[in-house]
Every structure is written in C-alpha cells, then in structure tokens.
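Q: What follows is the file run.cif, containing mmCIF, C-alpha atoms and all ligand atoms:
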data_model
#
loop_
_atom_site.label_atom_id
_atom_site.label_comp_id
_atom_site.auth_asym_id
_atom_site.auth_seq_id
_atom_site.Cartn_x
_atom_site.Cartn_y
_atom_site.Cartn_z
CA LYS A 1016 199.28 186.78 209.93
CA GLU A 1017 201.80 184.17 211.04
CA VAL A 1018 200.41 180.65 211.25
CA GLU A 1019 200.92 179.17 214.70
CA VAL A 1020 202.61 175.78 214.52
CA ALA A 1021 201.45 173.34 217.17
CA ASN A 1022 204.45 171.02 216.87
CA GLU A 1023 207.46 172.67 215.27
CA ASN A 1024 209.77 169.66 215.60
CA LEU A 1025 207.27 167.39 213.88
CA ILE A 1026 206.78 169.78 210.95
CA ARG A 1027 210.55 170.18 210.50
CA ASP A 1028 210.91 166.42 210.50
CA LEU A 1029 208.14 166.06 207.90
CA MET A 1030 209.76 168.73 205.71
CA LYS A 1031 213.07 166.86 205.83
CA ARG A 1032 211.33 163.68 204.72
CA ILE A 1033 209.25 165.30 201.99
CA ALA A 1034 211.98 167.49 200.44
CA PRO A 1035 213.91 164.58 198.82
CA LEU A 1036 210.65 163.29 197.28
CA MET A 1037 210.39 166.60 195.44
CA LYS A 1038 213.44 165.59 193.44
CA GLU A 1039 211.81 162.43 192.16
CA ASP A 1040 209.83 161.58 189.03
CA ILE A 1041 206.71 163.72 188.67
CA ALA A 1042 207.99 166.57 190.81
CA ARG A 1043 211.28 166.62 188.90
CA ALA A 1044 209.45 166.54 185.55
CA LEU A 1045 207.20 169.39 186.66
CA LYS A 1046 210.25 171.45 187.59
CA GLN A 1047 212.00 170.70 184.31
CA PHE A 1048 209.13 170.97 181.86
CA GLY A 1049 206.16 172.51 183.71
CA THR A 1050 202.62 171.18 183.35
CA SER A 1051 203.07 171.15 179.57
CA GLY A 1052 205.65 168.40 180.03
CA GLY A 1053 202.61 166.11 179.90
CA VAL A 1054 201.51 167.05 176.36
CA GLU A 1055 203.24 164.18 174.54
CA TYR A 1056 202.24 161.59 177.13
CA CYS A 1057 198.62 162.78 177.02
CA GLU A 1058 198.65 162.54 173.22
CA HIS A 1059 200.00 159.01 173.52
CA ILE A 1060 197.25 157.80 175.88
CA GLY A 1061 194.40 159.60 174.08
CA ASN A 1062 193.88 162.22 176.78
CA LEU A 1063 194.80 165.27 174.67
CA PRO A 1064 192.00 167.09 172.79
CA ILE A 1065 192.91 167.16 169.09
CA LYS A 1066 190.87 168.73 166.26
CA ASN A 1067 187.86 169.62 168.41
CA TRP A 1068 188.18 166.31 170.33
CA TYR A 1069 187.76 164.35 167.10
CA GLN A 1070 191.22 163.10 166.20
CA GLY A 1071 193.20 160.49 168.14
CA ASN A 1072 196.69 161.22 166.95
CA PHE A 1073 198.89 164.33 166.72
CA LYS A 1074 202.30 162.88 167.48
CA GLU A 1075 204.59 165.29 165.63
CA GLY A 1076 202.42 168.31 166.47
CA ALA A 1077 202.36 167.41 170.18
CA LYS A 1078 206.13 167.13 170.14
CA ARG A 1079 206.46 170.65 168.72
CA ILE A 1080 204.19 172.27 171.34
CA SER A 1081 205.34 170.22 174.35
CA GLY A 1082 206.96 171.44 177.53
CA GLN A 1083 210.12 169.67 176.38
CA ALA A 1084 210.16 171.74 173.16
CA MET A 1085 209.47 174.84 175.25
CA ALA A 1086 212.43 174.08 177.54
CA ASN A 1087 214.70 173.64 174.52
CA THR A 1088 213.62 176.76 172.67
CA ILE A 1089 211.79 179.66 174.34
CA LEU A 1090 212.07 179.06 178.09
CA THR A 1091 213.88 181.95 179.77
CA ASN A 1092 213.04 181.46 183.43
CA ARG A 1093 210.94 179.57 185.98
CA TYR A 1094 208.83 180.76 188.90
CA HIS A 1095 207.01 179.24 191.83
CA CYS A 1096 204.14 179.87 194.23
CA GLY A 1097 205.08 180.87 197.76
CA ARG A 1098 207.87 178.63 199.00
CA CYS A 1099 207.19 175.72 196.67
CA VAL A 1100 210.45 174.07 195.63
CA ILE A 1101 209.05 172.67 192.40
CA ASN A 1102 209.03 175.86 190.31
CA CYS A 1103 206.60 174.62 187.70
CA GLY A 1104 205.83 178.16 186.44
CA ARG A 1105 207.48 179.06 183.11
CA VAL A 1106 208.63 182.34 181.63
CA VAL A 1107 209.03 182.25 177.85
CA LYS A 1108 210.10 184.58 175.08
CA ALA A 1109 209.17 183.94 171.46
CA VAL A 1110 212.44 183.96 169.52
CA ASP A 1111 211.28 184.03 165.92
CA GLY A 1112 208.28 184.36 163.62
CA PRO A 1113 205.67 187.13 163.68
CA TYR A 1114 205.43 187.06 167.47
CA LYS A 1115 209.15 187.36 168.14
CA GLY A 1116 209.97 189.19 171.36
CA ILE A 1117 206.75 188.47 173.28
CA GLU A 1118 207.67 187.51 176.84
CA ILE A 1119 205.03 186.06 179.16
CA GLY A 1120 204.35 183.41 181.76
CA GLY A 1121 204.61 180.25 179.67
CA PRO A 1122 201.47 178.40 178.55
CA GLU A 1123 200.26 175.64 180.85
CA TYR A 1124 199.21 172.17 179.65
CA GLU A 1125 195.52 173.12 179.31
CA THR A 1126 196.32 176.22 177.28
CA ILE A 1127 198.62 174.34 174.91
CA ALA A 1128 196.02 171.61 174.49
CA LEU A 1129 192.99 173.81 173.78
CA LEU A 1130 194.61 176.68 171.86
CA GLY A 1131 197.13 174.30 170.27
CA SER A 1132 196.25 170.69 169.43
CA ASN A 1133 192.48 171.21 169.68
CA CYS A 1134 192.81 173.67 166.78
CA LEU A 1135 195.63 171.66 165.11
CA ILE A 1136 198.09 174.48 165.86
CA ASN A 1137 201.60 173.04 166.09
CA ASP A 1138 203.60 176.24 166.57
CA LEU A 1139 204.56 177.09 170.13
CA SER A 1140 205.03 180.81 169.39
CA VAL A 1141 201.42 181.01 168.11
CA VAL A 1142 200.17 179.40 171.33
CA VAL A 1143 202.27 181.90 173.29
CA LYS A 1144 200.69 184.83 171.40
CA ALA A 1145 197.17 183.38 171.82
CA ASN A 1146 197.86 182.87 175.54
CA GLU A 1147 199.12 186.42 175.90
CA LEU A 1148 195.98 187.82 174.23
CA CYS A 1149 193.67 185.73 176.42
CA ASN A 1150 195.53 186.93 179.51
CA ARG A 1151 195.27 190.56 178.46
CA TYR A 1152 191.59 190.27 177.55
CA GLY A 1153 190.74 188.19 180.64
CA LEU A 1154 189.54 185.22 178.58
CA ASP A 1155 189.73 181.67 179.86
CA THR A 1156 192.10 179.78 177.54
CA ILE A 1157 190.17 176.50 177.89
CA SER A 1158 186.80 177.92 176.85
CA THR A 1159 188.40 180.10 174.17
CA GLY A 1160 190.26 177.18 172.59
CA GLY A 1161 187.16 174.99 172.91
CA VAL A 1162 184.87 177.42 171.11
CA ILE A 1163 187.47 178.16 168.41
CA GLY A 1164 187.86 174.40 167.76
CA PHE A 1165 184.06 174.25 167.46
CA ALA A 1166 184.11 177.14 164.92
CA MET A 1167 186.81 175.41 162.86
CA GLU A 1168 184.73 172.25 162.67
CA ALA A 1169 181.53 174.17 161.84
CA TYR A 1170 183.42 175.89 159.03
CA GLU A 1171 184.82 172.61 157.73
CA ARG A 1172 181.31 171.12 157.65
CA GLY A 1173 179.93 174.18 155.85
CA LEU A 1174 177.62 175.11 158.72
CA ILE A 1175 179.22 178.53 158.88
CA THR A 1176 180.75 180.29 155.89
CA LYS A 1177 182.96 183.28 155.23
CA LYS A 1178 179.77 185.38 155.28
CA ASP A 1179 179.26 184.45 158.96
CA THR A 1180 182.91 184.82 159.88
CA GLY A 1181 183.37 188.32 158.48
CA GLY A 1182 186.05 187.10 156.09
CA ILE A 1183 188.06 185.05 158.60
CA LYS A 1184 188.92 181.59 157.30
CA PRO A 1185 188.84 179.36 160.39
CA THR A 1186 190.53 176.31 158.90
CA TRP A 1187 192.41 173.77 161.02
CA GLY A 1188 195.83 174.96 162.06
CA ASN A 1189 195.27 178.49 160.73
CA SER A 1190 197.28 180.62 163.17
CA SER A 1191 196.17 184.04 161.97
CA ALA A 1192 192.50 182.96 162.10
CA LEU A 1193 193.06 181.75 165.68
CA ILE A 1194 194.50 185.11 166.70
CA GLU A 1195 191.77 187.07 164.88
CA MET A 1196 189.03 185.00 166.51
CA ILE A 1197 190.42 185.76 169.98
CA HIS A 1198 190.20 189.50 169.22
CA CYS A 1199 186.66 189.06 167.87
CA ILE A 1200 185.49 187.06 170.92
CA ALA A 1201 186.92 189.57 173.39
CA GLN A 1202 185.56 192.58 171.51
CA ARG A 1203 182.25 190.89 170.65
CA LYS A 1204 182.56 191.80 167.02
CA GLY A 1205 181.87 189.76 163.87
CA LEU A 1206 182.30 186.06 164.56
CA GLY A 1207 182.83 186.91 168.21
CA GLU A 1208 179.09 187.60 168.55
CA LEU A 1209 178.46 183.95 167.72
CA LEU A 1210 181.31 182.47 169.75
CA GLY A 1211 181.39 184.77 172.76
CA ASN A 1212 178.79 182.88 174.80
CA GLY A 1213 180.57 179.56 174.47
CA VAL A 1214 180.10 176.31 172.58
CA ARG A 1215 176.56 175.39 173.66
CA GLN A 1216 175.00 178.72 172.75
CA ALA A 1217 176.97 178.90 169.50
CA ALA A 1218 175.61 175.46 168.56
CA ASP A 1219 172.06 176.63 169.33
CA ILE A 1220 172.52 179.47 166.84
CA VAL A 1221 174.39 177.50 164.16
CA GLY A 1222 171.75 174.75 164.29
CA GLY A 1223 171.77 171.71 162.01
CA ALA A 1224 174.16 169.05 163.24
CA ALA A 1225 176.14 171.54 165.33
CA HIS A 1226 175.23 169.97 168.67
CA GLU A 1227 176.83 166.69 167.53
CA PHE A 1228 180.28 168.26 167.74
CA ALA A 1229 179.61 170.96 170.37
CA ILE A 1230 181.91 169.71 173.12
CA HIS A 1231 180.70 170.96 176.49
CA VAL A 1232 179.46 169.63 179.81
CA LYS A 1233 176.37 171.43 181.04
CA GLY A 1234 177.32 174.40 178.88
CA LEU A 1235 180.94 174.59 180.05
CA GLU A 1236 183.85 173.67 177.79
CA PRO A 1237 185.78 170.79 179.40
CA PRO A 1238 189.45 170.93 180.41
CA ALA A 1239 192.01 169.06 178.34
CA HIS A 1240 191.31 165.58 179.70
CA ASP A 1241 189.40 163.21 177.46
CA PRO A 1242 187.13 160.90 179.46
CA ARG A 1243 187.64 158.22 176.81
CA ALA A 1244 191.23 157.95 178.09
CA ARG A 1245 190.42 158.26 181.78
CA PHE A 1246 186.96 156.90 182.54
CA SER A 1247 187.01 158.25 186.10
CA ILE A 1248 186.99 161.81 184.81
CA ALA A 1249 183.71 161.12 183.02
CA LEU A 1250 182.14 160.60 186.43
CA GLY A 1251 183.64 163.91 187.54
CA TYR A 1252 182.22 165.73 184.52
CA ALA A 1253 178.84 164.03 184.91
CA THR A 1254 178.39 164.74 188.59
CA SER A 1255 179.94 168.18 188.86
CA ASN A 1256 177.26 170.81 189.30
CA ARG A 1257 178.70 173.27 186.78
CA GLY A 1258 180.28 171.05 184.15
S1 LIG A 1301 202.61 175.18 194.26
FE1 LIG A 1301 202.85 176.43 192.39
S2 LIG A 1301 204.99 176.16 191.74
FE2 LIG A 1301 204.50 174.52 193.19
S3 LIG A 1301 203.84 172.78 191.90
FE3 LIG A 1301 201.98 173.89 192.50
S4 LIG A 1301 201.57 175.35 190.86
FE4 LIG A 1301 203.72 174.64 190.64
#
Please rewrite the model in this file as structure tokens.
Ligand code: SF4

A:
Amino acid sequence: KEVEVANENLIRDLMKRIAPLMKEDIARALKQFGTSGGVEYCEHIGNLPIKNWYQGNFKEGAKRISGQAMANTILTNRYHCGRCVINCGRVVKAVDGPYKGIEIGGPEYETIALLGSNCLINDLSVVVKANELCNRYGLDTISTGGVIGFAMEAYERGLITKKDTGGIKPTWGNSSALIEMIHCIAQRKGLGELLGNGVRQAADIVGGAAHEFAIHVKGLEPPAHDPRARFSIALGYATSNRG
C-alpha cells in the first residue's frame, strides 16, 4: 500500500538536505566497507570479543578479517535495503583455500567478531564458510560463535576432552574444528548435544569453573560489543529483559 505523504514539498526538501550527508564519514565508510569496516577500530578500543572475550589484542588478526580486507580481496558486489543509498550489504566470493568458490552475502561485523576473533580465526574465507553454514542451518552467528568460543576455552582448560568432543580438537584458531562444531550443533550430534542449548546450559553440564568463562547475559550470548569498552552498553545488557 502506498504511504500517503502529508507534505510532499517538505519531504523532498528534507531528502535533498539529507542525501549529501550520506556521502560523509560513517555513511561513506559503511558503503565502502560494510558493518565489518568497524572490526579494526573495535579491536583498537577493546570492543571486539577476542578468545572468548578474554584477550585484549588481536591487531594483525583483526586486520585480516576486516571489512577493508574483504573489500580488497573477496568482495564482488554490494546490496541495499529498499531505497537506501548506503548499500552496506556485501556479496563475497571466496577466491582460494578449501572454501574457494563459495558466494554469499558477506559476513557482518557481529559474525566476523564471534565466528572470527572470538575463536581466534584470522582467515576471512573460513568466516565466510562458517557464515554460509549458519545461514543454511538457520543458526544465529552470534550465539554459535559465542558457544564455540566457550568450547575452545573449556577444552584449553581441560574441562572437556577429546572423549567429550567426539574426536574434534577445538583449539584456538582451528578452522576445521570450527566448521565441524557448526555441523554438530545444527544436527545435535556429538559435541553439538552439549553446545546446542547455548553457553549457560553448556556451563551447567560442564561444571567446575565453567561458569567463570561462560559469557552470556541472562542465558543469551551477547553481541560483539564489550561493555568494558563502552560502559553504557553494560546498562543495556543489565536492564534488557532477555539479555
Ligand atoms: S538500510 Fe540497509 S543498506 Fe541501508 S544502511 Fe541500513 S542495513 Fe545498510
């Protein structure tokens, strides 16, 4: 249904004034690099989750999985919602490695942060493959990356072993383990039984010190914004009714 405009002249005037602003700073950066253009900046200010929210620095890794790296390597097209002039949507195609040829809507900032830096993955094509799998399975990339980061830390601390993982070795930065865990979570098999209900329930089952590094807010894995970098977001997490 067409939306009736009460004052057409006024809206045209506003559009003329707003359009040039879309060419400035943040809007221009969004067009050029998408939401993932913020990866390096977020690493710099301590906002990016790294190594299950434990590590404060991932400079070189962040550079490799940033929107800028994406634009220089695998970006093939852009898209936009409705009539938005910004075009922040990405289309990418992996050009080498085991995932060569995969073409999907490019990973957003949150996806790169949780499936990338949070698991110490520094290969953009691996993030693209993980993103593609999550899309196909209907998994949320934030919760999936959050719970996989949790599993990697539990494995490092010896709270889960190869016996629990069904042979998967969930070490930091292990791309094939990341991909296997996504299959397991979606199909609820092996390690996926433990991880499929999210971080809080996995920590309940793992026990021991697991709750000390189970990063969730009211049972929900947080988005890729560390409240230690932006205190105001802590208030948002604390007061939101679903985490
Ligand atoms: S409306 Fe769509 S294309 Fe435009 S900035 Fe927002 S998400 Fe990006």

Q: Which polymer residues have any atom within 7 Å of an atom of stretch 1083-1095 of chain A, counting only C-alpha atoms, with same-chain residues fewer than 3 positions away left out, as an NGL selection string?

A: :A and (1048 or 1052 or 1078-1080 or 1099 or 1101-1110)

Q: Using all atoms listed in the file, pick whichever of A:Thr1180, A:Asn1256, A:Asn1137, A:Ser1051 has the shortest atom-to-atom distance to A:Ala1192.

A: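 Selected residue with least distance to A:Ala1192: A:Thr1180.
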
Q: Which value, in Å to one decimal, gives the distance between atom CA of A:Ala1218 and atom CA of A:Gly1205?

A: 16.3 Å

Q: Mind running stretch 1045-1114 of chain A against stretch 1239-1246 of chain A at 12 Å and telling me each contacting residue's nearest atom pair with the distance in Å (one decimal), counting only C-alpha atoms, chain and number ascending, as a tab-separated table?

A:
residue	atom	partner	partner_atom	distance
A:Thr1050	CA	A:Ala1239	CA	11.9
A:Ser1051	CA	A:Ala1239	CA	11.3
A:Gly1053	CA	A:Ala1239	CA	11.1
A:Val1054	CA	A:Ala1239	CA	9.9
A:Tyr1056	CA	A:Ala1244	CA	11.6
A:Cys1057	CA	A:His1240	CA	8.3
A:Glu1058	CA	A:Ala1244	CA	10.0
A:His1059	CA	A:Ala1244	CA	9.9
A:Ile1060	CA	A:Ala1244	CA	6.4
A:Gly1061	CA	A:Ala1244	CA	5.4
A:Asn1062	CA	A:Asp1241	CA	4.6
A:Leu1063	CA	A:Ala1239	CA	6.0
A:Pro1064	CA	A:Ala1239	CA	5.9
A:Ile1065	CA	A:Ala1239	CA	9.5
A:Asn1067	CA	A:Ala1239	CA	10.8
A:Trp1068	CA	A:Asp1241	CA	7.9
A:Tyr1069	CA	A:Asp1241	CA	10.6
A:Gln1070	CA	A:Asp1241	CA	11.4
A:Gly1071	CA	A:Asp1241	CA	10.4

Q: Quote the spacing between atom CA of A:Gly1258 and atom CA of A:Pro1238 in Å to one decimal place.

A: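 Separation of atom CA of A:Gly1258 and atom CA of A:Pro1238: 9.9 Å.
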
Q: Find, counting all atoms listed in the file, the residue in A:Glu1075, A:Glu1123, A:Glu1023, A:Glu1118 that gets nearest to ligand LIG 1301 (chain A).

A: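 The closest residue to ligand LIG 1301 (chain A) is A:Glu1123.
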
Q: Can you measure atom CA of A:Ser1158 to atom CA of A:Leu1210 for me? One decimal in Å is fine.

A: 10.1 Å

Q: Excluding A:Thr1126 and its own-chain neighbours fewer than 2 positions away, which residues fall within 8 Å of it when counting all atoms listed in the file? Please give them as a PDB file with C-alpha atoms, keeping the file's coordinate frame.

A:
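The file below, part-v4.pdb, is the result:
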ATOM      1  CA  PRO A1122     201.470 178.400 178.550  1.00  0.00           C
ATOM      2  CA  GLU A1123     200.260 175.640 180.850  1.00  0.00           C
ATOM      3  CA  TYR A1124     199.210 172.170 179.650  1.00  0.00           C
ATOM      4  CA  ALA A1128     196.020 171.610 174.490  1.00  0.00           C
ATOM      5  CA  LEU A1129     192.990 173.810 173.780  1.00  0.00           C
ATOM      6  CA  LEU A1130     194.610 176.680 171.860  1.00  0.00           C
ATOM      7  CA  GLY A1131     197.130 174.300 170.270  1.00  0.00           C
ATOM      8  CA  VAL A1142     200.170 179.400 171.330  1.00  0.00           C
ATOM      9  CA  ASN A1146     197.860 182.870 175.540  1.00  0.00           C
ATOM     10  CA  THR A1156     192.100 179.780 177.540  1.00  0.00           C
ATOM     11  CA  ILE A1157     190.170 176.500 177.890  1.00  0.00           C
ATOM     12  CA  GLY A1160     190.260 177.180 172.590  1.00  0.00           C
TER      13      GLY A1160
END

Q: Quick one: of A:Gly1234, A:Gly1207, A:Gly1112, A:Gly1049, who's nearest to A:Ala1166, counting all atoms listed in the file?

A: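 That would be A:Gly1207, the residue with the smallest distance to A:Ala1166.
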
Q: Here is a test: counting all atoms listed in the file, which residue of A:Gly1082, A:Gly1161, A:Pro1035, A:Gly1097 is nearest to A:Asn1212?

A: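 The shortest atom-to-atom distance to A:Asn1212 comes from A:Gly1161.
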
Q: Which residues are close to A:Arg1257, i.e. within 12 Å by all atoms listed in the file, leaving aside same-chain residues fewer than 4 positions away? Reply as a count of residues only.

A: 10

Q: Excluding A:Asn1150 and its own-chain neighbours fewer than 3 positions away, which residues fall within 12 Å of it when counting only C-alpha atoms? Please give them as a PyMOL selection string.

A: chain A and resi 1119-1122+1126+1143-1147+1153-1157+1159+1197-1198+1201

Q: Store the residues of this selection in a file with C-alpha atoms, as a PDB file, keeping the file's coordinate frame.

A:
ATOM      1  CA  ILE A1119     205.030 186.060 179.160  1.00  0.00           C
ATOM      2  CA  GLY A1120     204.350 183.410 181.760  1.00  0.00           C
ATOM      3  CA  GLY A1121     204.610 180.250 179.670  1.00  0.00           C
ATOM      4  CA  PRO A1122     201.470 178.400 178.550  1.00  0.00           C
ATOM      5  CA  THR A1126     196.320 176.220 177.280  1.00  0.00           C
ATOM      6  CA  VAL A1143     202.270 181.900 173.290  1.00  0.00           C
ATOM      7  CA  LYS A1144     200.690 184.830 171.400  1.00  0.00           C
ATOM      8  CA  ALA A1145     197.170 183.380 171.820  1.00  0.00           C
ATOM      9  CA  ASN A1146     197.860 182.870 175.540  1.00  0.00           C
ATOM     10  CA  GLU A1147     199.120 186.420 175.900  1.00  0.00           C
ATOM     11  CA  GLY A1153     190.740 188.190 180.640  1.00  0.00           C
ATOM     12  CA  LEU A1154     189.540 185.220 178.580  1.00  0.00           C
ATOM     13  CA  ASP A1155     189.730 181.670 179.860  1.00  0.00           C
ATOM     14  CA  THR A1156     192.100 179.780 177.540  1.00  0.00           C
ATOM     15  CA  ILE A1157     190.170 176.500 177.890  1.00  0.00           C
ATOM     16  CA  THR A1159     188.400 180.100 174.170  1.00  0.00           C
ATOM     17  CA  ILE A1197     190.420 185.760 169.980  1.00  0.00           C
ATOM     18  CA  HIS A1198     190.200 189.500 169.220  1.00  0.00           C
ATOM     19  CA  ALA A1201     186.920 189.570 173.390  1.00  0.00           C
TER      20      ALA A1201
END

Q: Env of A:Ser1190: 8 Å cut, atoms = all atoms listed in the file, seq-sep filter 2 positions within chain, self excluded. Answer as a ChimeraX atom specification.

A: /A:1136,1141,1188,1192-1194

Q: Could you give me the centre and size, in Å to one decimal, of an axis-aligned box around all listed atoms of stretch 1191-1209 of chain A with 4 Å added on every side, as JSON?

A:
{"center_x": 187.3, "center_y": 187.2, "center_z": 167.7, "size_x": 25.7, "size_y": 18.8, "size_z": 19.4}

Q: Check the smallest atom-to-atom distance from each of A:Arg1032, A:Lys1046, A:Arg1027, A:Arg1172 to ligand LIG 1301 (chain A) using all atoms listed in the file, then report the winner.

A: A:Lys1046

Q: Quick one: stretch 1071-1082 of chain A with all heavy atoms, as a short mmCIF file (atom, residue, chain, number, x, y, z; two decimals), keeping the file's coordinate frame?

A:
data_model
loop_
_atom_site.label_atom_id
_atom_site.label_comp_id
_atom_site.auth_asym_id
_atom_site.auth_seq_id
_atom_site.Cartn_x
_atom_site.Cartn_y
_atom_site.Cartn_z
N GLY A 1071 192.51 161.23 167.07
CA GLY A 1071 193.20 160.49 168.14
C GLY A 1071 194.70 160.58 168.10
O GLY A 1071 195.38 160.03 168.96
N ASN A 1072 195.24 161.25 167.09
CA ASN A 1072 196.69 161.22 166.95
C ASN A 1072 197.23 162.57 166.45
O ASN A 1072 196.69 163.15 165.51
CB ASN A 1072 197.02 160.11 165.93
CG ASN A 1072 198.50 159.92 165.77
OD1 ASN A 1072 199.13 160.71 165.09
ND2 ASN A 1072 199.05 158.91 166.39
N PHE A 1073 198.27 163.04 167.11
CA PHE A 1073 198.89 164.33 166.72
C PHE A 1073 200.33 164.29 167.20
O PHE A 1073 200.83 165.21 167.81
CB PHE A 1073 198.11 165.47 167.39
CG PHE A 1073 198.42 166.86 166.89
CD1 PHE A 1073 198.35 167.19 165.54
CD2 PHE A 1073 198.74 167.87 167.80
CE1 PHE A 1073 198.60 168.48 165.11
CE2 PHE A 1073 199.00 169.17 167.37
CZ PHE A 1073 198.92 169.48 166.02
N LYS A 1074 200.99 163.17 166.90
CA LYS A 1074 202.30 162.88 167.48
C LYS A 1074 203.34 163.99 167.23
O LYS A 1074 203.93 164.52 168.17
CB LYS A 1074 202.79 161.54 166.93
CG LYS A 1074 203.85 160.88 167.76
CD LYS A 1074 204.07 159.47 167.22
CE LYS A 1074 205.21 158.75 167.75
NZ LYS A 1074 205.70 158.64 168.93
N GLU A 1075 203.55 164.31 165.96
CA GLU A 1075 204.59 165.29 165.63
C GLU A 1075 204.21 166.69 166.14
O GLU A 1075 205.04 167.43 166.64
CB GLU A 1075 204.84 165.32 164.11
CG GLU A 1075 205.65 164.13 163.61
CD GLU A 1075 206.92 163.90 164.43
OE1 GLU A 1075 207.70 164.85 164.60
OE2 GLU A 1075 207.12 162.76 164.90
N GLY A 1076 202.90 167.01 166.00
CA GLY A 1076 202.42 168.31 166.47
C GLY A 1076 202.60 168.45 167.98
O GLY A 1076 203.08 169.48 168.48
N ALA A 1077 202.24 167.39 168.71
CA ALA A 1077 202.36 167.41 170.18
C ALA A 1077 203.80 167.62 170.60
O ALA A 1077 204.11 168.35 171.55
CB ALA A 1077 201.80 166.11 170.76
N LYS A 1078 204.71 167.00 169.84
CA LYS A 1078 206.13 167.13 170.14
C LYS A 1078 206.56 168.60 170.01
O LYS A 1078 207.33 169.12 170.82
CB LYS A 1078 206.91 166.27 169.13
CG LYS A 1078 208.28 165.92 169.54
CD LYS A 1078 208.84 164.95 168.53
CE LYS A 1078 210.19 164.46 169.01
NZ LYS A 1078 210.73 163.44 168.18
N ARG A 1079 206.04 169.27 169.00
CA ARG A 1079 206.46 170.65 168.72
C ARG A 1079 205.91 171.65 169.74
O ARG A 1079 206.47 172.74 169.90
CB ARG A 1079 206.01 171.05 167.31
CG ARG A 1079 206.75 170.28 166.23
CD ARG A 1079 206.40 170.81 164.88
NE ARG A 1079 206.74 172.24 164.77
CZ ARG A 1079 206.61 172.95 163.68
NH1 ARG A 1079 206.16 172.38 162.59
NH2 ARG A 1079 206.92 174.22 163.66
N ILE A 1080 204.78 171.30 170.39
CA ILE A 1080 204.19 172.27 171.34
C ILE A 1080 204.34 171.79 172.79
O ILE A 1080 203.70 172.32 173.69
CB ILE A 1080 202.70 172.53 171.01
CG1 ILE A 1080 201.88 171.23 170.98
CG2 ILE A 1080 202.55 173.28 169.69
CD1 ILE A 1080 200.38 171.43 170.76
N SER A 1081 205.19 170.81 173.00
CA SER A 1081 205.34 170.22 174.35
C SER A 1081 206.20 171.08 175.28
O SER A 1081 206.92 171.98 174.83
CB SER A 1081 206.01 168.85 174.22
OG SER A 1081 207.33 169.03 173.73
N GLY A 1082 206.12 170.76 176.54
CA GLY A 1082 206.96 171.44 177.53
C GLY A 1082 208.44 171.18 177.28
O GLY A 1082 209.29 172.03 177.58
#
